[in-house]
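Engineer: Coordinates in run-v9.cif, mmCIF, C-alpha atoms and all ligand atoms, are listed below.
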```
data_coords
#
loop_
_atom_site.label_atom_id
_atom_site.label_comp_id
_atom_site.auth_asym_id
_atom_site.auth_seq_id
_atom_site.Cartn_x
_atom_site.Cartn_y
_atom_site.Cartn_z
CA MET B 3 -23.19 1.62 -15.49
CA SER B 4 -20.72 0.81 -12.71
CA LEU B 5 -18.29 3.42 -11.48
CA LYS B 6 -14.59 2.75 -12.08
CA LEU B 7 -12.44 3.77 -9.10
CA ASP B 8 -9.52 4.99 -11.15
CA GLY B 9 -6.42 4.73 -8.98
CA LYS B 10 -4.12 5.85 -11.76
CA LYS B 11 -5.99 9.12 -12.28
CA LEU B 12 -6.32 9.82 -8.56
CA SER B 13 -2.65 9.09 -7.96
CA LEU B 14 -1.66 11.61 -10.65
CA GLU B 15 -3.90 14.24 -9.03
CA ILE B 16 -2.37 13.60 -5.62
CA GLU B 17 1.14 13.65 -7.11
CA GLU B 18 0.48 17.14 -8.44
CA ARG B 19 -0.47 18.30 -4.94
CA LEU B 20 2.63 16.65 -3.50
CA TYR B 21 4.86 18.26 -6.13
CA ASN B 22 3.43 21.69 -5.29
CA TYR B 23 3.77 21.04 -1.57
CA ILE B 24 7.45 20.13 -1.89
CA SER B 25 8.16 23.08 -4.23
CA SER B 26 6.62 25.59 -1.85
CA ASN B 27 8.28 24.20 1.30
CA LYS B 28 11.75 23.28 0.03
CA LYS B 29 13.16 26.72 0.80
CA ILE B 30 12.23 26.39 4.48
CA ALA B 31 13.49 22.80 4.79
CA LYS B 32 16.62 23.57 2.76
CA ARG B 33 16.58 20.07 1.32
CA SER B 34 14.23 17.72 -0.57
CA PRO B 35 12.48 14.86 1.17
CA GLY B 36 14.56 11.66 1.00
CA LEU B 37 13.42 8.05 0.67
CA ALA B 38 15.76 5.07 1.11
CA VAL B 39 14.68 1.81 -0.52
CA VAL B 40 16.47 -1.36 0.57
CA ARG B 41 16.18 -4.24 -1.87
CA ILE B 42 17.74 -7.66 -1.29
CA GLY B 43 18.14 -10.29 -3.99
CA GLU B 44 16.89 -10.49 -7.55
CA ASP B 45 13.13 -11.01 -7.30
CA PRO B 46 12.08 -9.59 -10.71
CA ALA B 47 8.72 -8.19 -9.51
CA SER B 48 10.56 -6.32 -6.74
CA GLY B 49 12.83 -4.83 -9.39
CA VAL B 50 9.80 -3.44 -11.23
CA TYR B 51 8.24 -2.08 -8.00
CA VAL B 52 11.48 -0.39 -6.92
CA ASN B 53 11.79 1.16 -10.37
CA ASN B 54 8.24 2.50 -10.20
CA LYS B 55 8.86 3.98 -6.77
CA GLU B 56 12.08 5.62 -7.93
CA LYS B 57 10.29 7.18 -10.92
CA ALA B 58 7.38 8.40 -8.79
CA CYS B 59 9.83 10.02 -6.34
CA SER B 60 11.64 11.85 -9.12
CA ARG B 61 8.33 13.09 -10.64
CA ILE B 62 7.42 14.97 -7.47
CA GLY B 63 10.82 15.98 -6.12
CA ILE B 64 11.64 13.32 -3.53
CA LYS B 65 15.27 12.21 -3.62
CA SER B 66 15.46 8.42 -3.66
CA PHE B 67 18.41 6.37 -2.46
CA ILE B 68 18.37 2.75 -3.66
CA PHE B 69 20.41 0.17 -1.76
CA HIS B 70 20.44 -3.09 -3.71
CA LEU B 71 22.13 -5.88 -1.76
CA ASN B 72 22.67 -9.33 -3.18
CA ASP B 73 21.45 -12.65 -1.78
CA SER B 74 24.77 -13.32 -0.13
CA ALA B 75 24.38 -10.36 2.25
CA GLU B 76 24.10 -11.27 5.94
CA GLN B 77 21.32 -10.29 8.33
CA GLU B 78 23.77 -8.16 10.36
CA GLU B 79 24.85 -6.26 7.26
CA VAL B 80 21.26 -5.28 6.48
CA GLU B 81 20.58 -4.38 10.12
CA GLU B 82 23.66 -2.14 10.13
CA LEU B 83 22.51 -0.42 6.95
CA ILE B 84 19.07 0.25 8.43
CA ILE B 85 20.57 1.61 11.64
CA LYS B 86 22.81 3.91 9.59
CA LEU B 87 19.82 5.15 7.59
CA ASN B 88 17.87 5.74 10.82
CA SER B 89 20.33 8.46 11.78
CA ASP B 90 20.92 9.84 8.28
CA LYS B 91 19.65 13.42 8.28
CA ASP B 92 18.87 13.37 4.54
CA ILE B 93 16.55 10.38 4.81
CA ASP B 94 12.92 10.79 5.90
CA GLY B 95 11.64 7.36 4.96
CA ILE B 96 13.07 3.83 4.88
CA LEU B 97 11.38 1.07 2.93
CA LEU B 98 12.42 -2.57 2.95
CA GLN B 99 11.16 -3.94 -0.37
CA LEU B 100 9.34 -7.22 0.29
CA PRO B 101 9.56 -10.12 -0.27
CA ILE B 102 13.15 -10.70 0.78
CA PRO B 103 14.98 -14.06 0.62
CA LYS B 104 13.77 -16.51 3.29
CA LYS B 105 17.11 -16.71 5.14
CA PHE B 106 16.55 -13.19 6.54
CA ASP B 107 14.53 -12.43 9.66
CA GLU B 108 12.14 -10.00 8.02
CA GLN B 109 10.33 -8.96 11.19
CA LYS B 110 13.59 -8.17 12.95
CA LEU B 111 14.70 -5.98 10.06
CA ILE B 112 11.39 -4.11 10.09
CA SER B 113 11.65 -3.70 13.87
CA ASN B 114 15.02 -2.02 13.35
CA ILE B 115 13.50 0.77 11.26
CA ASN B 116 12.96 3.96 13.26
CA PRO B 117 9.13 4.15 13.58
CA SER B 118 9.11 7.77 12.42
CA LYS B 119 10.87 6.72 9.17
CA ASP B 120 8.84 3.52 8.72
CA VAL B 121 6.98 4.68 5.60
CA ASP B 122 5.48 1.22 5.06
CA GLY B 123 3.83 1.38 8.49
CA LEU B 124 4.85 -2.18 9.33
CA ASN B 125 6.96 -1.59 12.45
CA GLU B 126 5.22 -2.89 15.60
CA ILE B 127 5.13 0.60 17.14
CA ASN B 128 3.13 1.88 14.17
CA ILE B 129 0.91 -1.23 14.08
CA GLY B 130 0.34 -0.82 17.84
CA LYS B 131 -0.70 2.79 17.35
CA LEU B 132 -3.05 1.73 14.59
CA VAL B 133 -4.67 -0.76 16.98
CA LYS B 134 -5.08 2.07 19.51
CA ASN B 135 -6.36 4.44 16.79
CA GLU B 136 -3.56 6.91 17.48
CA PRO B 137 -1.85 8.93 14.72
CA ALA B 138 1.16 7.12 13.23
CA MET B 139 2.60 6.04 9.92
CA ARG B 140 -0.06 3.89 8.20
CA SER B 141 0.62 1.11 5.69
CA CYS B 142 0.43 2.24 2.11
CA THR B 143 -1.95 -0.18 0.37
CA PRO B 144 -4.74 0.14 2.98
CA ALA B 145 -4.28 3.92 3.16
CA GLY B 146 -4.48 4.09 -0.65
CA ILE B 147 -7.73 2.12 -0.65
CA ILE B 148 -9.28 4.51 1.88
CA ASN B 149 -8.29 7.48 -0.30
CA LEU B 150 -9.85 5.80 -3.33
CA LEU B 151 -13.15 5.31 -1.47
CA ARG B 152 -13.09 8.89 -0.16
CA SER B 153 -12.37 10.31 -3.60
CA GLN B 154 -15.85 9.17 -4.70
CA ASN B 155 -17.51 10.01 -1.38
CA ILE B 156 -18.16 6.34 -0.63
CA THR B 157 -19.22 6.20 3.01
CA ILE B 158 -17.33 3.85 5.32
CA GLU B 159 -19.09 4.66 8.60
CA GLY B 160 -21.86 2.18 9.37
CA LYS B 161 -21.22 0.10 6.25
CA LYS B 162 -20.82 -3.68 6.29
CA ILE B 163 -17.32 -4.28 5.02
CA VAL B 164 -15.79 -7.68 4.33
CA VAL B 165 -12.03 -7.99 3.86
CA ILE B 166 -10.70 -11.21 2.32
CA GLY B 167 -7.19 -11.81 3.69
CA ARG B 168 -5.55 -11.27 7.07
CA SER B 169 -1.94 -10.55 6.13
CA LEU B 170 0.17 -8.07 8.08
CA LEU B 171 0.78 -6.20 4.84
CA VAL B 172 -2.83 -5.69 3.73
CA GLY B 173 -5.76 -7.50 5.40
CA LYS B 174 -5.08 -6.76 9.08
CA PRO B 175 -4.07 -3.09 8.88
CA LEU B 176 -6.83 -2.41 6.36
CA SER B 177 -9.47 -4.00 8.62
CA LEU B 178 -8.25 -1.91 11.56
CA MET B 179 -8.25 1.33 9.56
CA LEU B 180 -11.80 0.68 8.37
CA LEU B 181 -12.86 -0.17 11.93
CA ASN B 182 -11.30 3.08 13.16
CA LEU B 183 -13.42 4.86 10.55
CA ASN B 184 -16.54 3.22 12.03
CA GLY B 185 -17.11 0.53 9.41
CA THR B 186 -18.59 -2.78 10.59
CA VAL B 187 -15.74 -5.00 9.51
CA THR B 188 -15.51 -8.76 8.99
CA MET B 189 -12.03 -10.12 8.32
CA THR B 190 -12.02 -13.43 6.42
CA HIS B 191 -9.22 -15.82 5.44
CA SER B 192 -8.37 -19.18 3.92
CA LYS B 193 -10.15 -21.09 6.71
CA THR B 194 -13.37 -19.07 6.58
CA LEU B 195 -16.37 -21.29 5.93
CA ASN B 196 -18.91 -20.35 3.26
CA LEU B 197 -16.74 -17.46 2.13
CA ASN B 198 -19.06 -16.42 -0.69
CA LYS B 199 -22.06 -16.18 1.66
CA VAL B 200 -20.11 -14.04 4.13
CA CYS B 201 -18.92 -11.78 1.30
CA LYS B 202 -22.42 -11.44 -0.14
CA GLU B 203 -23.42 -9.49 2.98
CA ALA B 204 -20.90 -6.77 2.21
CA ASP B 205 -21.68 -3.21 1.14
CA ILE B 206 -17.96 -2.92 0.48
CA LEU B 207 -16.00 -6.07 -0.40
CA ILE B 208 -12.20 -5.97 -0.47
CA ALA B 209 -10.32 -8.91 -1.97
CA ALA B 210 -6.72 -9.37 -0.81
CA ALA B 211 -6.31 -13.15 -0.90
CA GLY B 212 -3.68 -13.36 -3.61
CA LYS B 213 -5.82 -15.89 -5.53
CA PRO B 214 -6.54 -15.08 -9.19
CA ASN B 215 -10.25 -14.69 -10.00
CA LEU B 216 -11.38 -16.02 -6.59
CA VAL B 217 -14.32 -13.62 -6.34
CA ASP B 218 -17.16 -14.22 -8.77
CA SER B 219 -20.72 -12.96 -8.81
CA SER B 220 -21.77 -15.46 -6.10
CA PHE B 221 -19.68 -13.34 -3.64
CA VAL B 222 -21.21 -10.02 -4.53
CA LYS B 223 -24.34 -8.22 -3.35
CA GLU B 224 -26.22 -6.11 -5.89
CA GLY B 225 -24.96 -2.52 -5.65
CA ALA B 226 -21.81 -3.34 -3.63
CA VAL B 227 -18.46 -1.61 -3.97
CA ILE B 228 -15.68 -4.02 -4.82
CA ILE B 229 -11.99 -3.36 -4.31
CA ASP B 230 -9.47 -5.71 -5.87
CA VAL B 231 -6.05 -5.71 -4.20
CA GLY B 232 -4.73 -8.87 -5.86
CA ILE B 233 -2.31 -8.64 -8.72
CA HIS B 234 -1.27 -11.66 -10.77
CA ARG B 235 0.57 -12.12 -14.01
CA LEU B 236 -1.03 -15.02 -15.87
CA LYS B 237 0.19 -16.72 -19.04
CA SER B 238 -2.18 -15.89 -21.85
CA SER B 239 -3.21 -18.48 -24.46
CA GLU B 240 -0.88 -16.92 -27.00
CA GLU B 241 2.68 -18.03 -26.54
CA ASN B 242 5.05 -15.80 -24.52
CA LEU B 243 2.30 -13.34 -23.67
CA THR B 244 1.16 -12.55 -20.15
CA ARG B 245 -1.74 -10.55 -18.79
CA LEU B 246 -2.47 -9.04 -15.41
CA CYS B 247 -5.50 -9.97 -13.37
CA GLY B 248 -6.70 -9.54 -9.82
CA ASP B 249 -8.53 -11.62 -7.21
CA VAL B 250 -11.86 -10.61 -8.75
CA LEU B 251 -13.37 -12.07 -11.93
CA LEU B 252 -14.38 -8.62 -13.07
CA GLU B 253 -16.41 -9.62 -16.13
CA ASP B 254 -18.65 -11.74 -13.90
CA VAL B 255 -19.30 -9.09 -11.23
CA ILE B 256 -19.21 -5.78 -13.09
CA SER B 257 -22.90 -5.66 -13.96
CA LYS B 258 -23.86 -6.13 -10.28
CA VAL B 259 -21.61 -3.61 -8.58
CA PHE B 260 -21.98 0.09 -7.89
CA ALA B 261 -18.22 0.66 -8.11
CA TYR B 262 -15.06 -1.37 -8.71
CA THR B 263 -11.29 -1.00 -9.01
CA PRO B 264 -9.60 -2.17 -12.23
CA VAL B 265 -6.42 -4.29 -12.32
CA PRO B 266 -4.06 -2.76 -13.26
CA GLY B 267 -4.74 0.91 -12.52
CA GLY B 268 -6.74 0.59 -9.30
CA VAL B 269 -5.11 -0.10 -5.94
CA GLY B 270 -1.53 -0.48 -7.25
CA PRO B 271 -0.81 3.16 -8.16
CA MET B 272 -2.38 4.33 -4.90
CA THR B 273 0.07 2.17 -2.92
CA VAL B 274 3.00 4.02 -4.49
CA THR B 275 1.33 7.39 -3.95
CA MET B 276 0.82 6.70 -0.25
CA LEU B 277 4.51 5.88 0.06
CA LEU B 278 5.22 9.38 -1.26
CA VAL B 279 2.65 10.87 1.13
CA ASN B 280 4.20 9.10 4.13
CA THR B 281 7.71 10.24 3.15
CA ILE B 282 6.53 13.84 2.84
CA PHE B 283 4.76 13.67 6.21
CA SER B 284 7.96 12.50 7.86
CA TRP B 285 9.86 15.39 6.17
CA LYS B 286 7.15 17.88 7.10
CA LYS B 287 7.28 16.77 10.75
CA GLN B 288 11.03 17.16 10.93
CA PHE B 289 10.91 20.76 9.71
CA GLY B 290 7.63 21.78 11.33
CA LEU B 291 6.07 22.64 7.96
CA SER B 292 2.43 23.60 7.54
CA SER B 293 0.01 20.83 6.69
CA THR B 294 -2.26 21.15 3.72
CA LEU B 295 -2.26 17.42 3.07
CA LYS B 296 -4.02 16.09 6.17
CA ASP B 297 -7.02 14.83 4.21
CA LEU B 298 -4.73 12.23 2.60
CA LEU B 299 -4.21 10.42 5.90
CA PRO B 300 -6.69 7.69 6.91
P1 LIG H 401 -0.58 -13.01 1.67
O1 LIG H 401 -0.34 -14.26 0.89
O2 LIG H 401 0.40 -12.59 2.70
O3 LIG H 401 -1.99 -13.14 2.40
C1 LIG H 401 -3.11 -13.66 1.75
C2 LIG H 401 -4.27 -13.74 2.73
O4 LIG H 401 -5.39 -14.24 2.03
C3 LIG H 401 -4.03 -14.71 3.88
O5 LIG H 401 -4.46 -14.09 5.09
C4 LIG H 401 -4.89 -15.94 3.57
O6 LIG H 401 -5.47 -16.49 4.74
C5 LIG H 401 -5.96 -15.35 2.69
N1 LIG H 401 -6.40 -16.31 1.69
C6 LIG H 401 -5.62 -17.04 0.85
N2 LIG H 401 -6.39 -17.84 0.08
C7 LIG H 401 -7.67 -17.60 0.43
C8 LIG H 401 -8.90 -18.11 -0.01
N3 LIG H 401 -8.99 -19.04 -0.98
N4 LIG H 401 -10.02 -17.65 0.58
C9 LIG H 401 -9.95 -16.70 1.55
N5 LIG H 401 -8.81 -16.19 2.00
C10 LIG H 401 -7.67 -16.63 1.44
O7 LIG H 401 -0.80 -11.87 0.58
P2 LIG H 401 -0.78 -10.26 0.73
O8 LIG H 401 0.60 -9.77 0.87
O9 LIG H 401 -1.81 -9.82 1.70
O10 LIG H 401 -1.27 -9.87 -0.75
C11 LIG H 401 -2.52 -10.28 -1.25
C12 LIG H 401 -2.60 -9.94 -2.73
O11 LIG H 401 -2.53 -8.54 -2.88
C13 LIG H 401 -1.46 -10.51 -3.58
O12 LIG H 401 -1.98 -10.81 -4.86
C14 LIG H 401 -0.48 -9.36 -3.68
O13 LIG H 401 0.31 -9.41 -4.84
C15 LIG H 401 -1.44 -8.20 -3.74
N6 LIG H 401 -0.90 -6.94 -3.27
C16 LIG H 401 -1.11 -5.87 -4.07
C17 LIG H 401 -0.68 -4.63 -3.67
C18 LIG H 401 -0.94 -3.48 -4.55
O14 LIG H 401 -0.39 -2.42 -4.33
N7 LIG H 401 -1.82 -3.62 -5.54
C19 LIG H 401 0.00 -4.46 -2.46
C20 LIG H 401 0.19 -5.57 -1.64
C21 LIG H 401 -0.28 -6.81 -2.07
#
```
Could I get this file's structure written as structure tokens?
Ligand code: NAD

Structural biologist:
Amino acid sequence: MSLKLDGKKLSLEIEERLYNYISSNKKIAKRSPGLAVVRIGEDPASGVYVNNKEKACSRIGIKSFIFHLNDSAEQEEVEELIIKLNSDKDIDGILLQLPIPKKFDEQKLISNINPSKDVDGLNEINIGKLVKNEPAMRSCTPAGIINLLRSQNITIEGKKIVVIGRSLLVGKPLSLMLLNLNGTVTMTHSKTLNLNKVCKEADILIAAAGKPNLVDSSFVKEGAVIIDVGIHRLKSSEENLTRLCGDVLLEDVISKVFAYTPVPGGVGPMTVTMLLVNTIFSWKKQFGLSSTLKDLLP
């Protein structure tokens, strides 16, 4: 039987460690860790994600500050807010909830975030350090995937790893992190020829294309590990009902694989957990606290 990489369970275990870490260090720091989330506009999925992040923060003792601006806000207004948060002594992490309306210059806003508070790891200083394999804030989804693999002692070093997708949010940073951990990484994308043949070489296959059910059994080598990053809400045949699915047609591949992530309950919860980890690391650094959480960093 294939092994389920249960992101929900692992995230709850890590949350317990984080809760204990904050409780035992709060006296020294004299304040809780603080996370600012900046949301612009009314994208409903973003609303759900921000809610989940807020709840996760309150479960472990991080104070969250939500700034919800409406569509009519100007670029300068958001930049000013970020600059203010950069120097706010109660804030350890700043997250710009993506996507934001197209009229904004997203990259410029991310560039404005102080790299040491950039808990999404998307600022060019942090991406540059990732390229150089130097310690820095790492993006949450890739870092969560690495923790999931580690939790089941799945070796990365020397393994053939294929990543589908080359986005700045997932595919690129993930490929670099796996490379830094000595995987032999192939990054594929929408223009890759014979995608299924390339993927079939993989010991570990990671799907982050944002295409529902793209990966079927023709992509998968017997005994591979398959990680599904995609998340899609599809209309079900019954009226007004929806169901979640990923980039992987799980029922077609499950009998072939050694291990897999479910959707939901795989990569998603780990993304939120790594946001908490990054916020606590920023807090820890500021107050020179001891580190018992190093194994959570990729
Ligand atoms: P994106 O649209 O920015 O990038 C998609 C990438 O996939 C691109 O590089 C593109 O070249 C490639 N691609 C698209 N179609 C392809 C195809 N047919 N074959 C091969 N490659 C193809 O998306 P993203 O932000 O990287 O997100 C990818 C998916 O992961 C989405 O479904 C998103 O919702 C999900 N996601 C989930 C989490 C989580 O926490 N679970 C976090 C981030 C993103």

Engineer: Set the distance at 10 Å and use only C-alpha atoms: which residues neighbour range 137-143 of chain B once local chain neighbours fewer than 6 positions away are removed? I'd like the list as a PyMOL selection string.

Structural biologist: chain B and resi 117-125+127-131+149+170-173+175-176+179+231+269-281+283-284+299-300

Engineer: Which distance in Å separates CA of Glu18 in chain B and CA of Ser66 in chain B, to one decimal?

Structural biologist: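 Straight-line distance from CA of Glu18 in chain B to CA of Ser66 in chain B works out to 18.0 Å.
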
Engineer: Distance limit 10 Å, reference ligand LIG 401 (chain H), atoms considered: all atoms listed in the file. Which residues make the cut? Give them as a ChimeraX atom specification.

Structural biologist: /B:47,51,100-101,141-144,146-147,165-174,189-198,209-214,216-217,230-235,247-249,265-275

Engineer: Those selected residues, please, written with C-alpha atoms and delivered as a compact mmCIF listing (two decimals), keeping the file's coordinate frame.

Structural biologist:
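Saved the output as part.txt:
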```txt
# COMPACT_ATOMS: atom_id res chain seq x y z
CA ALA B 47 8.72 -8.19 -9.51
CA TYR B 51 8.24 -2.08 -8.00
CA LEU B 100 9.34 -7.22 0.29
CA PRO B 101 9.56 -10.12 -0.27
CA SER B 141 0.62 1.11 5.69
CA CYS B 142 0.43 2.24 2.11
CA THR B 143 -1.95 -0.18 0.37
CA PRO B 144 -4.74 0.14 2.98
CA GLY B 146 -4.48 4.09 -0.65
CA ILE B 147 -7.73 2.12 -0.65
CA VAL B 165 -12.03 -7.99 3.86
CA ILE B 166 -10.70 -11.21 2.32
CA GLY B 167 -7.19 -11.81 3.69
CA ARG B 168 -5.55 -11.27 7.07
CA SER B 169 -1.94 -10.55 6.13
CA LEU B 170 0.17 -8.07 8.08
CA LEU B 171 0.78 -6.20 4.84
CA VAL B 172 -2.83 -5.69 3.73
CA GLY B 173 -5.76 -7.50 5.40
CA LYS B 174 -5.08 -6.76 9.08
CA MET B 189 -12.03 -10.12 8.32
CA THR B 190 -12.02 -13.43 6.42
CA HIS B 191 -9.22 -15.82 5.44
CA SER B 192 -8.37 -19.18 3.92
CA LYS B 193 -10.15 -21.09 6.71
CA THR B 194 -13.37 -19.07 6.58
CA LEU B 195 -16.37 -21.29 5.93
CA ASN B 196 -18.91 -20.35 3.26
CA LEU B 197 -16.74 -17.46 2.13
CA ASN B 198 -19.06 -16.42 -0.69
CA ALA B 209 -10.32 -8.91 -1.97
CA ALA B 210 -6.72 -9.37 -0.81
CA ALA B 211 -6.31 -13.15 -0.90
CA GLY B 212 -3.68 -13.36 -3.61
CA LYS B 213 -5.82 -15.89 -5.53
CA PRO B 214 -6.54 -15.08 -9.19
CA LEU B 216 -11.38 -16.02 -6.59
CA VAL B 217 -14.32 -13.62 -6.34
CA ASP B 230 -9.47 -5.71 -5.87
CA VAL B 231 -6.05 -5.71 -4.20
CA GLY B 232 -4.73 -8.87 -5.86
CA ILE B 233 -2.31 -8.64 -8.72
CA HIS B 234 -1.27 -11.66 -10.77
CA ARG B 235 0.57 -12.12 -14.01
CA CYS B 247 -5.50 -9.97 -13.37
CA GLY B 248 -6.70 -9.54 -9.82
CA ASP B 249 -8.53 -11.62 -7.21
CA VAL B 265 -6.42 -4.29 -12.32
CA PRO B 266 -4.06 -2.76 -13.26
CA GLY B 267 -4.74 0.91 -12.52
CA GLY B 268 -6.74 0.59 -9.30
CA VAL B 269 -5.11 -0.10 -5.94
CA GLY B 270 -1.53 -0.48 -7.25
CA PRO B 271 -0.81 3.16 -8.16
CA MET B 272 -2.38 4.33 -4.90
CA THR B 273 0.07 2.17 -2.92
CA VAL B 274 3.00 4.02 -4.49
CA THR B 275 1.33 7.39 -3.95
```

Engineer: Determine, counting all atoms listed in the file, which protein, DNA and RNA residues have an atom within 7 Å of an atom of Arg41 in chain B; residues of the same chain fewer than 2 positions away are not included. Present the result as a VMD selection string.

Structural biologist: chain B and resid 39 43 69 to 71 98 to 99

Engineer: Between CA of Leu236 in chain B and CA of Ile163 in chain B, measure the distance and give it in Å to one decimal.

Structural biologist: 28.6 Å

Engineer: Restricting the calculation to all atoms listed in the file: of B:Ile30, B:Ile156, B:Ile112, B:Ile42, which residue gets closest to Asn72 in chain B?

Structural biologist: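 Closest to Asn72 in chain B of all the choices is B:Ile42.
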
Engineer: At a cut-off of 10 Å, using only C-alpha atoms, what residues contact Phe67 in chain B? Leave out same-chain residues fewer than 6 positions from it and give the result as a list in words.

Structural biologist: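 Those residues are Gly36, Leu37, Ala38, Val39, Val40, Glu56, Asp92, Ile93 and Ile96 of chain B.
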
Engineer: For a test of reading the model, state the distance in Å between CA of Ile229 in chain B and CA of Thr244 in chain B, rounded to one decimal.

Structural biologist: 22.5 Å

Engineer: Within 10 Å of Ile158 in chain B, counting only C-alpha atoms, which residues qualify if same-chain residues fewer than 3 places away don't, as a PyMOL selection string?

Structural biologist: chain B and resi 148+151-152+155+161-163+180-187+205-206

Engineer: B:Glu108, B:Asp94, B:Glu203, B:Glu136: which is nearest Ser34 in chain B, counting only C-alpha atoms?

Structural biologist: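 When distances to Ser34 in chain B are compared using only C-alpha atoms, the smallest one comes from B:Asp94.
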
Engineer: Take every atom of range 195-211 of chain B listed in the file, fit an axis-aligned box around them, add 8 Å per side, and give the centre and edge lengths in Å to one decimal as AutoDock Vina command-line options.

Structural biologist:
```
--center_x -14.9 --center_y -12.1 --center_z 2.0 --size_x 33.1 --size_y 34.4 --size_z 23.9
```

Engineer: Between B:Asn27, B:Asn116, B:Asn53, B:Gln77, which is the closest to Gly95 in chain B once you count only C-alpha atoms?

Structural biologist: B:Asn116

Engineer: Rank nothing, just name the residue among B:Ile115, B:Ala58, B:Val133, B:Ala226 nearest to Val164 in chain B, using only C-alpha atoms.

Structural biologist: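 Residue with the minimum atom-to-atom distance to Val164 in chain B: B:Ala226.
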
Engineer: Using the partial input, fill out range 146-159 of chain B with N, CA, C and O atoms; write the result as a PDB file, in the coordinates of the input.

Structural biologist:
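Writing done, so here's rebuild_23.pdb:
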```pdb
ATOM      1  N   GLY B 146      -4.108   3.763   0.737  1.00  0.00           N
ATOM      2  CA  GLY B 146      -4.480   4.090  -0.650  1.00  0.00           C
ATOM      3  C   GLY B 146      -5.924   3.708  -0.936  1.00  0.00           C
ATOM      4  O   GLY B 146      -6.656   4.438  -1.611  1.00  0.00           O
ATOM      5  N   ILE B 147      -6.349   2.570  -0.424  1.00  0.00           N
ATOM      6  CA  ILE B 147      -7.730   2.120  -0.650  1.00  0.00           C
ATOM      7  C   ILE B 147      -8.710   3.108   0.000  1.00  0.00           C
ATOM      8  O   ILE B 147      -9.734   3.473  -0.592  1.00  0.00           O
ATOM      9  N   ILE B 148      -8.380   3.567   1.196  1.00  0.00           N
ATOM     10  CA  ILE B 148      -9.280   4.510   1.880  1.00  0.00           C
ATOM     11  C   ILE B 148      -9.364   5.828   1.089  1.00  0.00           C
ATOM     12  O   ILE B 148     -10.443   6.396   0.918  1.00  0.00           O
ATOM     13  N   ASN B 149      -8.255   6.267   0.545  1.00  0.00           N
ATOM     14  CA  ASN B 149      -8.290   7.480  -0.300  1.00  0.00           C
ATOM     15  C   ASN B 149      -9.130   7.274  -1.559  1.00  0.00           C
ATOM     16  O   ASN B 149      -9.834   8.184  -1.988  1.00  0.00           O
ATOM     17  N   LEU B 150      -9.043   6.085  -2.135  1.00  0.00           N
ATOM     18  CA  LEU B 150      -9.850   5.800  -3.330  1.00  0.00           C
ATOM     19  C   LEU B 150     -11.343   5.875  -2.995  1.00  0.00           C
ATOM     20  O   LEU B 150     -12.132   6.446  -3.752  1.00  0.00           O
ATOM     21  N   LEU B 151     -11.739   5.281  -1.875  1.00  0.00           N
ATOM     22  CA  LEU B 151     -13.150   5.310  -1.470  1.00  0.00           C
ATOM     23  C   LEU B 151     -13.588   6.754  -1.212  1.00  0.00           C
ATOM     24  O   LEU B 151     -14.636   7.202  -1.682  1.00  0.00           O
ATOM     25  N   ARG B 152     -12.738   7.497  -0.486  1.00  0.00           N
ATOM     26  CA  ARG B 152     -13.090   8.890  -0.160  1.00  0.00           C
ATOM     27  C   ARG B 152     -13.225   9.750  -1.412  1.00  0.00           C
ATOM     28  O   ARG B 152     -14.040  10.646  -1.467  1.00  0.00           O
ATOM     29  N   SER B 153     -12.380   9.456  -2.404  1.00  0.00           N
ATOM     30  CA  SER B 153     -12.370  10.310  -3.600  1.00  0.00           C
ATOM     31  C   SER B 153     -13.725  10.296  -4.302  1.00  0.00           C
ATOM     32  O   SER B 153     -14.063  11.209  -5.032  1.00  0.00           O
ATOM     33  N   GLN B 154     -14.512   9.239  -4.080  1.00  0.00           N
ATOM     34  CA  GLN B 154     -15.850   9.170  -4.700  1.00  0.00           C
ATOM     35  C   GLN B 154     -16.936   9.268  -3.634  1.00  0.00           C
ATOM     36  O   GLN B 154     -18.080   8.846  -3.868  1.00  0.00           O
ATOM     37  N   ASN B 155     -16.559   9.830  -2.485  1.00  0.00           N
ATOM     38  CA  ASN B 155     -17.510  10.010  -1.380  1.00  0.00           C
ATOM     39  C   ASN B 155     -18.243   8.722  -1.008  1.00  0.00           C
ATOM     40  O   ASN B 155     -19.442   8.740  -0.725  1.00  0.00           O
ATOM     41  N   ILE B 156     -17.549   7.615  -1.046  1.00  0.00           N
ATOM     42  CA  ILE B 156     -18.160   6.340  -0.630  1.00  0.00           C
ATOM     43  C   ILE B 156     -18.035   6.241   0.894  1.00  0.00           C
ATOM     44  O   ILE B 156     -16.929   6.266   1.437  1.00  0.00           O
ATOM     45  N   THR B 157     -19.194   6.181   1.542  1.00  0.00           N
ATOM     46  CA  THR B 157     -19.220   6.200   3.010  1.00  0.00           C
ATOM     47  C   THR B 157     -18.672   4.893   3.577  1.00  0.00           C
ATOM     48  O   THR B 157     -19.004   3.813   3.083  1.00  0.00           O
ATOM     49  N   ILE B 158     -17.859   5.022   4.612  1.00  0.00           N
ATOM     50  CA  ILE B 158     -17.330   3.850   5.320  1.00  0.00           C
ATOM     51  C   ILE B 158     -18.129   3.637   6.615  1.00  0.00           C
ATOM     52  O   ILE B 158     -18.495   2.512   6.956  1.00  0.00           O
ATOM     53  N   GLU B 159     -18.404   4.742   7.297  1.00  0.00           N
ATOM     54  CA  GLU B 159     -19.090   4.660   8.600  1.00  0.00           C
ATOM     55  C   GLU B 159     -20.419   3.905   8.462  1.00  0.00           C
ATOM     56  O   GLU B 159     -21.243   4.207   7.598  1.00  0.00           O
TER      57      GLU B 159
END
```
